[in-house]
Each structure stands twice: as structure tokens, then as C-alpha cells.
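**Q** My structure is in final.pdb, and what it holds is PDB, C-alpha atoms:
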ATOM      1  CA  MET A 202     -26.009   0.133  13.052
ATOM      2  CA  PRO A 203     -22.399  -0.584  14.040
ATOM      3  CA  GLY A 204     -21.017   2.912  14.698
ATOM      4  CA  THR A 205     -17.392   3.939  14.610
ATOM      5  CA  ASP A 206     -16.646   2.419  18.052
ATOM      6  CA  THR A 207     -17.752  -1.051  16.954
ATOM      7  CA  LEU A 208     -15.710  -0.906  13.753
ATOM      8  CA  GLU A 209     -12.682   0.416  15.598
ATOM      9  CA  ALA A 210     -12.932  -2.439  18.130
ATOM     10  CA  LEU A 211     -13.074  -5.012  15.306
ATOM     11  CA  LEU A 212     -10.033  -3.444  13.648
ATOM     12  CA  ARG A 213      -8.076  -3.269  16.938
ATOM     13  CA  GLU A 214      -8.738  -6.964  17.419
ATOM     14  CA  ALA A 215      -7.462  -7.758  13.913
ATOM     15  CA  PHE A 216      -4.520  -5.330  14.049
ATOM     16  CA  PRO A 217      -3.336  -5.327  17.688
ATOM     17  CA  ASP A 218       0.022  -3.906  16.548
ATOM     18  CA  ALA A 219      -1.494  -0.964  14.649
ATOM     19  CA  SER A 220       0.590   2.182  14.949
ATOM     20  CA  ALA A 221      -2.301   4.226  13.577
ATOM     21  CA  LEU A 222      -5.967   3.270  13.439
ATOM     22  CA  ALA A 223      -8.948   5.510  12.812
ATOM     23  CA  VAL A 224     -12.584   5.149  11.800
ATOM     24  CA  GLU A 225     -14.450   8.179  10.537
ATOM     25  CA  ASP A 226     -18.171   8.417   9.891
ATOM     26  CA  ARG A 227     -17.974  10.373   6.625
ATOM     27  CA  THR A 228     -21.560  11.525   6.467
ATOM     28  CA  GLY A 229     -22.752  11.310  10.062
ATOM     29  CA  GLY A 230     -25.339   8.765   8.941
ATOM     30  CA  GLY A 231     -23.610   5.769  10.497
ATOM     31  CA  ASP A 232     -23.088   3.804   7.294
ATOM     32  CA  HIS A 233     -20.405   5.585   5.221
ATOM     33  CA  PHE A 234     -17.008   5.031   6.783
ATOM     34  CA  GLN A 235     -13.378   5.896   6.137
ATOM     35  CA  VAL A 236     -10.970   3.555   7.910
ATOM     36  CA  THR A 237      -7.253   4.168   8.203
ATOM     37  CA  VAL A 238      -4.887   1.461   9.423
ATOM     38  CA  GLU A 239      -1.104   1.408   9.707
ATOM     39  CA  SER A 240       0.186  -2.012  10.642
ATOM     40  CA  GLY A 241       3.150  -4.357  10.312
ATOM     41  CA  ARG A 242       0.666  -6.994   9.114
ATOM     42  CA  PHE A 243       0.652  -5.186   5.761
ATOM     43  CA  ASP A 244       4.382  -5.475   5.231
ATOM     44  CA  GLY A 245       5.206  -7.376   2.060
ATOM     45  CA  LEU A 246       1.586  -7.490   0.915
ATOM     46  CA  THR A 247      -0.003  -6.014  -2.215
ATOM     47  CA  LEU A 248      -2.720  -3.384  -1.823
ATOM     48  CA  VAL A 249      -5.342  -5.997  -2.715
ATOM     49  CA  GLU A 250      -4.023  -8.289   0.031
ATOM     50  CA  GLN A 251      -3.898  -5.388   2.508
ATOM     51  CA  HIS A 252      -7.479  -4.380   1.817
ATOM     52  CA  ARG A 253      -8.585  -8.010   2.055
ATOM     53  CA  LEU A 254      -7.289  -8.096   5.650
ATOM     54  CA  VAL A 255      -9.404  -5.035   6.465
ATOM     55  CA  TYR A 256     -12.450  -6.586   4.768
ATOM     56  CA  ASP A 257     -11.869  -9.790   6.769
ATOM     57  CA  ALA A 258     -11.815  -7.806  10.011
ATOM     58  CA  LEU A 259     -15.078  -6.086   9.091
ATOM     59  CA  ALA A 260     -16.739  -9.128   7.500
ATOM     60  CA  ALA A 261     -19.734  -9.132   9.846
ATOM     61  CA  PRO A 262     -20.858  -5.505   9.409
ATOM     62  CA  LEU A 263     -20.139  -5.775   5.652
ATOM     63  CA  ALA A 264     -22.236  -8.935   5.336
ATOM     64  CA  ASP A 265     -25.253  -7.657   7.270
ATOM     65  CA  GLY A 266     -25.393  -4.467   5.211
ATOM     66  CA  SER A 267     -24.754  -2.087   8.097
ATOM     67  CA  ILE A 268     -21.760  -0.669   6.200
ATOM     68  CA  HIS A 269     -23.134   0.948   3.063
ATOM     69  CA  GLU A 270     -19.844   2.421   1.868
ATOM     70  CA  LEU A 271     -16.315   1.794   3.058
ATOM     71  CA  ARG A 272     -13.191   3.693   2.158
ATOM     72  CA  ILE A 273      -9.891   2.135   3.127
ATOM     73  CA  LYS A 274      -6.422   3.575   3.510
ATOM     74  CA  THR A 275      -3.737   1.134   4.579
ATOM     75  CA  THR A 276      -0.117   1.909   5.382
ATOM     76  CA  LYS A 277       2.670  -0.571   6.005
ATOM     77  CA  GLY A 278       4.249  -0.566   9.452
ATOM     78  CA  LEU A 279       7.847  -0.551   8.248
ATOM     79  CA  GLN A 280       9.899   2.417   9.315
ATOM     80  CA  PRO A 281      11.277   4.391   6.362
TER      81      PRO A 281
ATOM     82  CA  MET B  39     -33.383 -17.526 -10.579
ATOM     83  CA  SER B  40     -32.655 -21.195 -11.248
ATOM     84  CA  ALA B  41     -29.342 -22.886 -10.564
ATOM     85  CA  THR B  42     -28.709 -23.053 -14.317
ATOM     86  CA  ASP B  43     -29.202 -19.300 -14.673
ATOM     87  CA  THR B  44     -26.822 -18.694 -11.785
ATOM     88  CA  THR B  45     -24.167 -20.823 -13.457
ATOM     89  CA  GLN B  46     -24.700 -18.986 -16.751
ATOM     90  CA  LEU B  47     -24.361 -15.643 -14.990
ATOM     91  CA  ARG B  48     -21.158 -16.737 -13.316
ATOM     92  CA  ASP B  49     -19.769 -17.953 -16.655
ATOM     93  CA  GLN B  50     -20.602 -14.624 -18.303
ATOM     94  CA  ILE B  51     -18.875 -12.690 -15.520
ATOM     95  CA  GLN B  52     -15.819 -14.928 -15.753
ATOM     96  CA  GLN B  53     -15.639 -14.521 -19.528
ATOM     97  CA  LEU B  54     -15.875 -10.732 -19.334
ATOM     98  CA  ILE B  55     -13.127 -10.574 -16.722
ATOM     99  CA  ALA B  56     -10.922 -12.914 -18.757
ATOM    100  CA  ASN B  57     -11.553 -11.406 -22.200
ATOM    101  CA  GLU B  58     -11.936  -7.655 -21.701
ATOM    102  CA  PRO B  59      -8.731  -5.626 -21.284
ATOM    103  CA  VAL B  60     -10.205  -3.713 -18.335
ATOM    104  CA  THR B  61     -13.509  -4.577 -16.664
ATOM    105  CA  LEU B  62     -15.184  -2.249 -14.183
ATOM    106  CA  PHE B  63     -18.117  -3.628 -12.194
ATOM    107  CA  MET B  64     -19.982  -0.558 -11.025
ATOM    108  CA  LYS B  65     -23.284   0.798  -9.786
ATOM    109  CA  GLY B  66     -24.918   2.426 -12.796
ATOM    110  CA  THR B  67     -23.456   3.178 -16.220
ATOM    111  CA  PRO B  68     -20.884   5.768 -17.348
ATOM    112  CA  SER B  69     -23.730   8.072 -18.392
ATOM    113  CA  LEU B  70     -25.714   7.497 -15.173
ATOM    114  CA  ILE B  71     -23.374   6.691 -12.295
ATOM    115  CA  MET B  72     -25.241   5.692  -9.146
ATOM    116  CA  CYS B  73     -22.386   5.640  -6.630
ATOM    117  CA  GLY B  74     -19.525   7.930  -5.678
ATOM    118  CA  ASN B  75     -16.983   5.121  -5.499
ATOM    119  CA  SER B  76     -17.904   3.838  -8.962
ATOM    120  CA  ASP B  77     -17.410   7.403 -10.210
ATOM    121  CA  ARG B  78     -13.966   7.624  -8.571
ATOM    122  CA  ALA B  79     -12.858   4.323 -10.096
ATOM    123  CA  LEU B  80     -14.056   5.216 -13.601
ATOM    124  CA  ARG B  81     -12.413   8.650 -13.447
ATOM    125  CA  ALA B  82      -9.081   7.186 -12.341
ATOM    126  CA  LEU B  83      -9.179   4.602 -15.145
ATOM    127  CA  ARG B  84     -10.053   7.182 -17.804
ATOM    128  CA  GLU B  85      -7.337   9.546 -16.635
ATOM    129  CA  ALA B  86      -4.836   6.700 -16.944
ATOM    130  CA  GLY B  87      -5.970   6.142 -20.549
ATOM    131  CA  ALA B  88      -7.587   2.781 -19.916
ATOM    132  CA  PRO B  89     -10.049   1.140 -22.251
ATOM    133  CA  VAL B  90     -12.927   0.334 -19.926
ATOM    134  CA  THR B  91     -15.730  -2.189 -20.222
ATOM    135  CA  THR B  92     -18.312  -1.424 -17.559
ATOM    136  CA  VAL B  93     -20.882  -3.779 -16.087
ATOM    137  CA  ASP B  94     -23.780  -2.405 -14.067
ATOM    138  CA  VAL B  95     -24.417  -4.615 -11.022
ATOM    139  CA  LEU B  96     -27.674  -2.918 -10.054
ATOM    140  CA  PRO B  97     -30.184  -4.601 -12.435
ATOM    141  CA  ASP B  98     -29.926  -7.915 -10.563
ATOM    142  CA  PRO B  99     -28.577  -8.522  -7.013
ATOM    143  CA  GLN B 100     -27.362 -11.919  -8.239
ATOM    144  CA  ILE B 101     -24.663 -10.214 -10.344
ATOM    145  CA  ARG B 102     -23.010  -8.731  -7.299
ATOM    146  CA  GLN B 103     -23.384 -11.987  -5.375
ATOM    147  CA  GLU B 104     -21.765 -14.085  -8.093
ATOM    148  CA  LEU B 105     -19.033 -11.508  -8.703
ATOM    149  CA  SER B 106     -18.046 -11.336  -5.035
ATOM    150  CA  ALA B 107     -18.115 -15.130  -4.801
ATOM    151  CA  LEU B 108     -15.665 -15.251  -7.727
ATOM    152  CA  SER B 109     -13.373 -12.437  -6.650
ATOM    153  CA  GLY B 110     -13.563 -12.734  -2.868
ATOM    154  CA  TRP B 111     -13.988  -8.943  -2.830
ATOM    155  CA  PRO B 112     -17.053  -7.781  -0.916
ATOM    156  CA  THR B 113     -17.635  -4.267  -2.276
ATOM    157  CA  ILE B 114     -18.424  -2.476  -5.549
ATOM    158  CA  PRO B 115     -16.713  -1.160  -7.657
ATOM    159  CA  GLN B 116     -14.257  -3.865  -8.691
ATOM    160  CA  VAL B 117     -11.616  -3.353 -11.372
ATOM    161  CA  PHE B 118      -9.938  -6.157 -13.309
ATOM    162  CA  VAL B 119      -7.098  -5.838 -15.815
ATOM    163  CA  LYS B 120      -6.617  -8.887 -18.062
ATOM    164  CA  GLY B 121      -8.365 -11.105 -15.563
ATOM    165  CA  GLU B 122      -6.515  -9.854 -12.508
ATOM    166  CA  LEU B 123      -8.300  -8.060  -9.667
ATOM    167  CA  ILE B 124      -6.690  -4.624  -9.296
ATOM    168  CA  GLY B 125      -8.968  -3.521  -6.461
ATOM    169  CA  GLY B 126     -11.767  -1.137  -5.609
ATOM    170  CA  ALA B 127     -11.987   2.649  -5.870
ATOM    171  CA  ASP B 128      -9.451   3.378  -3.132
ATOM    172  CA  ILE B 129      -6.744   1.169  -4.616
ATOM    173  CA  VAL B 130      -7.337   2.355  -8.174
ATOM    174  CA  GLU B 131      -7.136   5.982  -7.026
ATOM    175  CA  GLU B 132      -4.019   5.286  -5.010
ATOM    176  CA  LEU B 133      -2.356   3.534  -7.965
ATOM    177  CA  ALA B 134      -3.418   6.359 -10.289
ATOM    178  CA  ALA B 135      -1.931   8.998  -7.986
ATOM    179  CA  SER B 136       1.418   7.186  -7.815
ATOM    180  CA  GLY B 137       1.513   6.564 -11.572
ATOM    181  CA  GLU B 138       1.511   2.815 -11.004
ATOM    182  CA  LEU B 139      -1.899   2.383 -12.632
ATOM    183  CA  ARG B 140      -0.596   3.666 -15.964
ATOM    184  CA  ASP B 141       2.507   1.476 -15.609
ATOM    185  CA  ARG B 142       0.385  -1.598 -14.972
ATOM    186  CA  LEU B 143      -1.890  -0.797 -17.905
ATOM    187  CA  ASP B 144       1.153  -0.263 -20.125
ATOM    188  CA  ALA B 145       2.607  -3.599 -19.027
ATOM    189  CA  ALA B 146      -0.659  -5.528 -19.466
ATOM    190  CA  LEU B 147      -2.081  -3.846 -22.581
ATOM    191  CA  GLY B 148       0.777  -1.996 -24.241
ATOM    192  CA  THR B 149       1.050   1.769 -24.639
ATOM    193  CA  GLU B 150      -0.913   1.919 -27.908
ATOM    194  CA  ARG B 151      -4.421   1.458 -26.608
ATOM    195  CA  ASP B 152      -7.797   2.851 -27.488
ATOM    196  CA  PRO B 153      -9.223   4.407 -24.327
ATOM    197  CA  ALA B 154     -12.830   3.726 -25.292
ATOM    198  CA  VAL B 155     -15.505   3.171 -22.688
ATOM    199  CA  LYS B 156     -18.106   0.548 -23.464
ATOM    200  CA  VAL B 157     -20.960  -1.016 -21.582
ATOM    201  CA  ALA B 158     -21.461  -4.768 -21.382
ATOM    202  CA  ALA B 159     -24.837  -6.180 -20.424
ATOM    203  CA  LEU B 160     -25.276  -9.529 -18.761
ATOM    204  CA  THR B 161     -28.080 -11.581 -20.238
ATOM    205  CA  ALA B 162     -29.323 -13.461 -17.209
TER     206      ALA B 162
END
Take the structure I supplied and represent it as C-alpha cells, if you would.

**A**
Amino acid sequence: MPGTDTLEALLREAFPDASALAVEDRTGGGDHFQVTVESGRFDGLTLVEQHRLVYDALAAPLADGSIHELRIKTTKGLQP
Amino acid sequence: MSATDTTQLRDQIQQLIANEPVTLFMKGTPSLIMCGNSDRALRALREAGAPVTTVDVLPDPQIRQELSALSGWPTIPQVFVKGELIGGADIVEELAASGELRDRLDAALGTERDPAVKVAALTA
């Protein structure tokens, strides 16, 4: 079971510039997660492309089934 | 499942995605939804007035495997409009909330559309 710390470490590695990054265990069961990432890496990308970057970062725990459900919220890093 | 069956399954998935106005790959069926995210995606599509063709991925694990190999998207649900991957539940909800989902449906399918929900079965 990966736990929020493991997922957060994977995301920090993939998004070292992140201005906001959070992983929440939605149910307390260690397999339903909400991840929130705000990063300049998303600038200019479609939502599909943004979510793909998050999936890439979490490919290992997604592939081995330790993430049962993942909710993703991405925000571009551009200042308004 | 033989290699031939796998190819047939992949062809069927590709044809549905290409031919149906909106395809939703989900866990369960509209009358028996087996996953919260599939429910969220279907609700968002219906509220935007989308015609929806649903495919249940649960009867055979191979469906999900072939779908993800085709789309490069690892999770279920997956929503396609006229062959294009729109995203999973989070994206569809986000697009619905901003009104962009309706705009994209209008652009792809026109504003005069029959928002019927139907179920497609894969014959693998």
C-alpha cells in the first residue's frame, strides 16, 4: 500500500516546481486518493495532457493496483 | 482468450469510439452503476444533454486492458466524443462546470441531438 507520503514523493519528483501539491486519502483506506497539483508544467496543455502527466508520475502505484481510485485536480502555474 | 479474440475486441472498441457520438467506458451499466467515478461521468454527460453509449468494462478484464492500450489512459471511466478522448470523471465534471462540455458537444454533434442513453455490449 503506497500511502499519501509515497504518492506525494512521486509527485514532488515529477513536479519539482509545484506551487501547490497535496495528496488526500479520501476514505482512510489507503487506496482512494485525491491529488491536487499546481505547476508550470501544465501551462499550455489541455486537461487530458495535464492529467496524463500526473498518471505518468504515478504509473507504478497505478499499475500494481495499489491505487484503487484516483481523483485529480490540476492547476496551471501561470499567474493571473 | 486467443490472440485473434484480443484483436477482435480491440477492433470492436475502436469502432465504437469512432462511430458513436459519445462513448462512456464505465464500471457497470446506467441502471446498475458499480463505481462512483463512472456515476459522476454519466451524470455530467446527461446534464450536458449528451447522447451516451455506455460500455461496461467489468465483464472481462481484457476490455479494460485493450481500451487503456488504445487510449493511453490508465483509469475508468473514459469518455470519448467523436473518437476523441475527452478524459475521465474529473475532467468531464470540470468541463461540465465551466460550460465547456456543452460547447464541445455542440461543436462536435450539433445542438439538435437526442440525449438518449444506450448500452453497447462487446461480443468477445

**Q** The PyMOL selection byres ((chain A) within 7 of (chain B)) - which residues does that actually catch in the file I just gave you? List them as an MDAnalysis selection string.

**A** chainID A and resid 248:249 272:273

**Q** Selected by the PyMOL selection byres ((chain B and resi 80-93) around 6) in the shown coordinates: which residues, as a list of chain:residue names?

**A**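 Here the PyMOL selection byres ((chain B and resi 80-93) around 6) matches B:Val60, B:Thr61, B:Leu62, B:Phe63, B:Asp77, B:Arg78, B:Ala79, B:Asp94, B:Glu131, B:Arg140, B:Asp152, B:Pro153, B:Ala154, B:Val155, B:Lys156, B:Val157, B:Ala158.
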
**Q** Suppose a student applies the PyMOL selection byres ((chain B and resi 100) around 12) to this structure; what residues should they get, written as a PyMOL selection string?

**A** chain B and resi 39-41+43-48+51+94-99+101-107+160+162

**Q** Please give the centre and size of the box around segment 243-256 of chain A (axis-aligned, containing every atom listed in the file, 8 Å added per side), with values in Å to one decimal and written as lines of an AutoDock Vina configuration file.

**A**
center_x = -3.6
center_y = -5.8
center_z = 1.9
size_x = 33.7
size_y = 20.9
size_z = 25.2

**Q** In Å, rounded to a single decimal, give me how far atom CA of Leu139 of chain B is from atom CA of Thr276 of chain A.

**A**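 Separation between atom CA of Thr276 of chain A and atom CA of Leu139 of chain B: 18.1 Å.
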
**Q** Using the partial input, fill out segment 111-134 of chain B with N, CA and C atoms; write the result as a short mmCIF file (atom, residue, chain, number, x, y, z; two decimals), in the frame of the given file.

**A**
data_model
loop_
_atom_site.label_atom_id
_atom_site.label_comp_id
_atom_site.auth_asym_id
_atom_site.auth_seq_id
_atom_site.Cartn_x
_atom_site.Cartn_y
_atom_site.Cartn_z
N TRP B 111 -14.05 -10.37 -3.15
CA TRP B 111 -13.99 -8.94 -2.83
C TRP B 111 -15.41 -8.50 -2.52
N PRO B 112 -15.66 -7.96 -1.33
CA PRO B 112 -17.05 -7.78 -0.92
C PRO B 112 -17.75 -6.53 -1.44
N THR B 113 -17.01 -5.55 -1.96
CA THR B 113 -17.64 -4.27 -2.28
C THR B 113 -17.58 -3.97 -3.77
N ILE B 114 -18.39 -2.99 -4.18
CA ILE B 114 -18.42 -2.48 -5.55
C ILE B 114 -17.94 -1.04 -5.49
N PRO B 115 -17.14 -0.55 -6.40
CA PRO B 115 -16.71 -1.16 -7.66
C PRO B 115 -15.59 -2.19 -7.51
N GLN B 116 -15.39 -2.96 -8.58
CA GLN B 116 -14.26 -3.86 -8.69
C GLN B 116 -13.65 -3.69 -10.08
N VAL B 117 -12.32 -3.57 -10.11
CA VAL B 117 -11.62 -3.35 -11.37
C VAL B 117 -10.71 -4.55 -11.66
N PHE B 118 -10.80 -5.06 -12.87
CA PHE B 118 -9.94 -6.16 -13.31
C PHE B 118 -9.17 -5.72 -14.55
N VAL B 119 -7.89 -6.05 -14.60
CA VAL B 119 -7.10 -5.84 -15.82
C VAL B 119 -6.61 -7.21 -16.27
N LYS B 120 -7.00 -7.59 -17.50
CA LYS B 120 -6.62 -8.89 -18.06
C LYS B 120 -6.84 -10.02 -17.06
N GLY B 121 -8.01 -10.01 -16.45
CA GLY B 121 -8.36 -11.10 -15.56
C GLY B 121 -7.92 -10.97 -14.13
N GLU B 122 -7.05 -9.99 -13.87
CA GLU B 122 -6.52 -9.85 -12.51
C GLU B 122 -7.24 -8.75 -11.74
N LEU B 123 -7.66 -9.06 -10.51
CA LEU B 123 -8.30 -8.06 -9.67
C LEU B 123 -7.28 -7.00 -9.27
N ILE B 124 -7.57 -5.74 -9.65
CA ILE B 124 -6.69 -4.62 -9.30
C ILE B 124 -7.14 -4.01 -7.98
N GLY B 125 -8.46 -4.01 -7.73
CA GLY B 125 -8.97 -3.52 -6.46
C GLY B 125 -10.24 -2.72 -6.64
N GLY B 126 -10.61 -2.01 -5.58
CA GLY B 126 -11.77 -1.14 -5.61
C GLY B 126 -11.35 0.30 -5.85
N ALA B 127 -12.24 1.24 -5.56
CA ALA B 127 -11.99 2.65 -5.87
C ALA B 127 -10.75 3.20 -5.16
N ASP B 128 -10.58 2.83 -3.89
CA ASP B 128 -9.45 3.38 -3.13
C ASP B 128 -8.11 2.95 -3.72
N ILE B 129 -8.01 1.67 -4.07
CA ILE B 129 -6.74 1.17 -4.62
C ILE B 129 -6.49 1.77 -5.99
N VAL B 130 -7.52 1.81 -6.82
CA VAL B 130 -7.34 2.36 -8.17
C VAL B 130 -6.92 3.83 -8.10
N GLU B 131 -7.53 4.57 -7.19
CA GLU B 131 -7.14 5.98 -7.03
C GLU B 131 -5.71 6.10 -6.52
N GLU B 132 -5.37 5.24 -5.57
CA GLU B 132 -4.02 5.29 -5.01
C GLU B 132 -2.98 4.94 -6.08
N LEU B 133 -3.27 3.93 -6.89
CA LEU B 133 -2.36 3.53 -7.96
C LEU B 133 -2.28 4.61 -9.04
N ALA B 134 -3.41 5.29 -9.29
CA ALA B 134 -3.42 6.36 -10.29
C ALA B 134 -2.56 7.53 -9.81
#
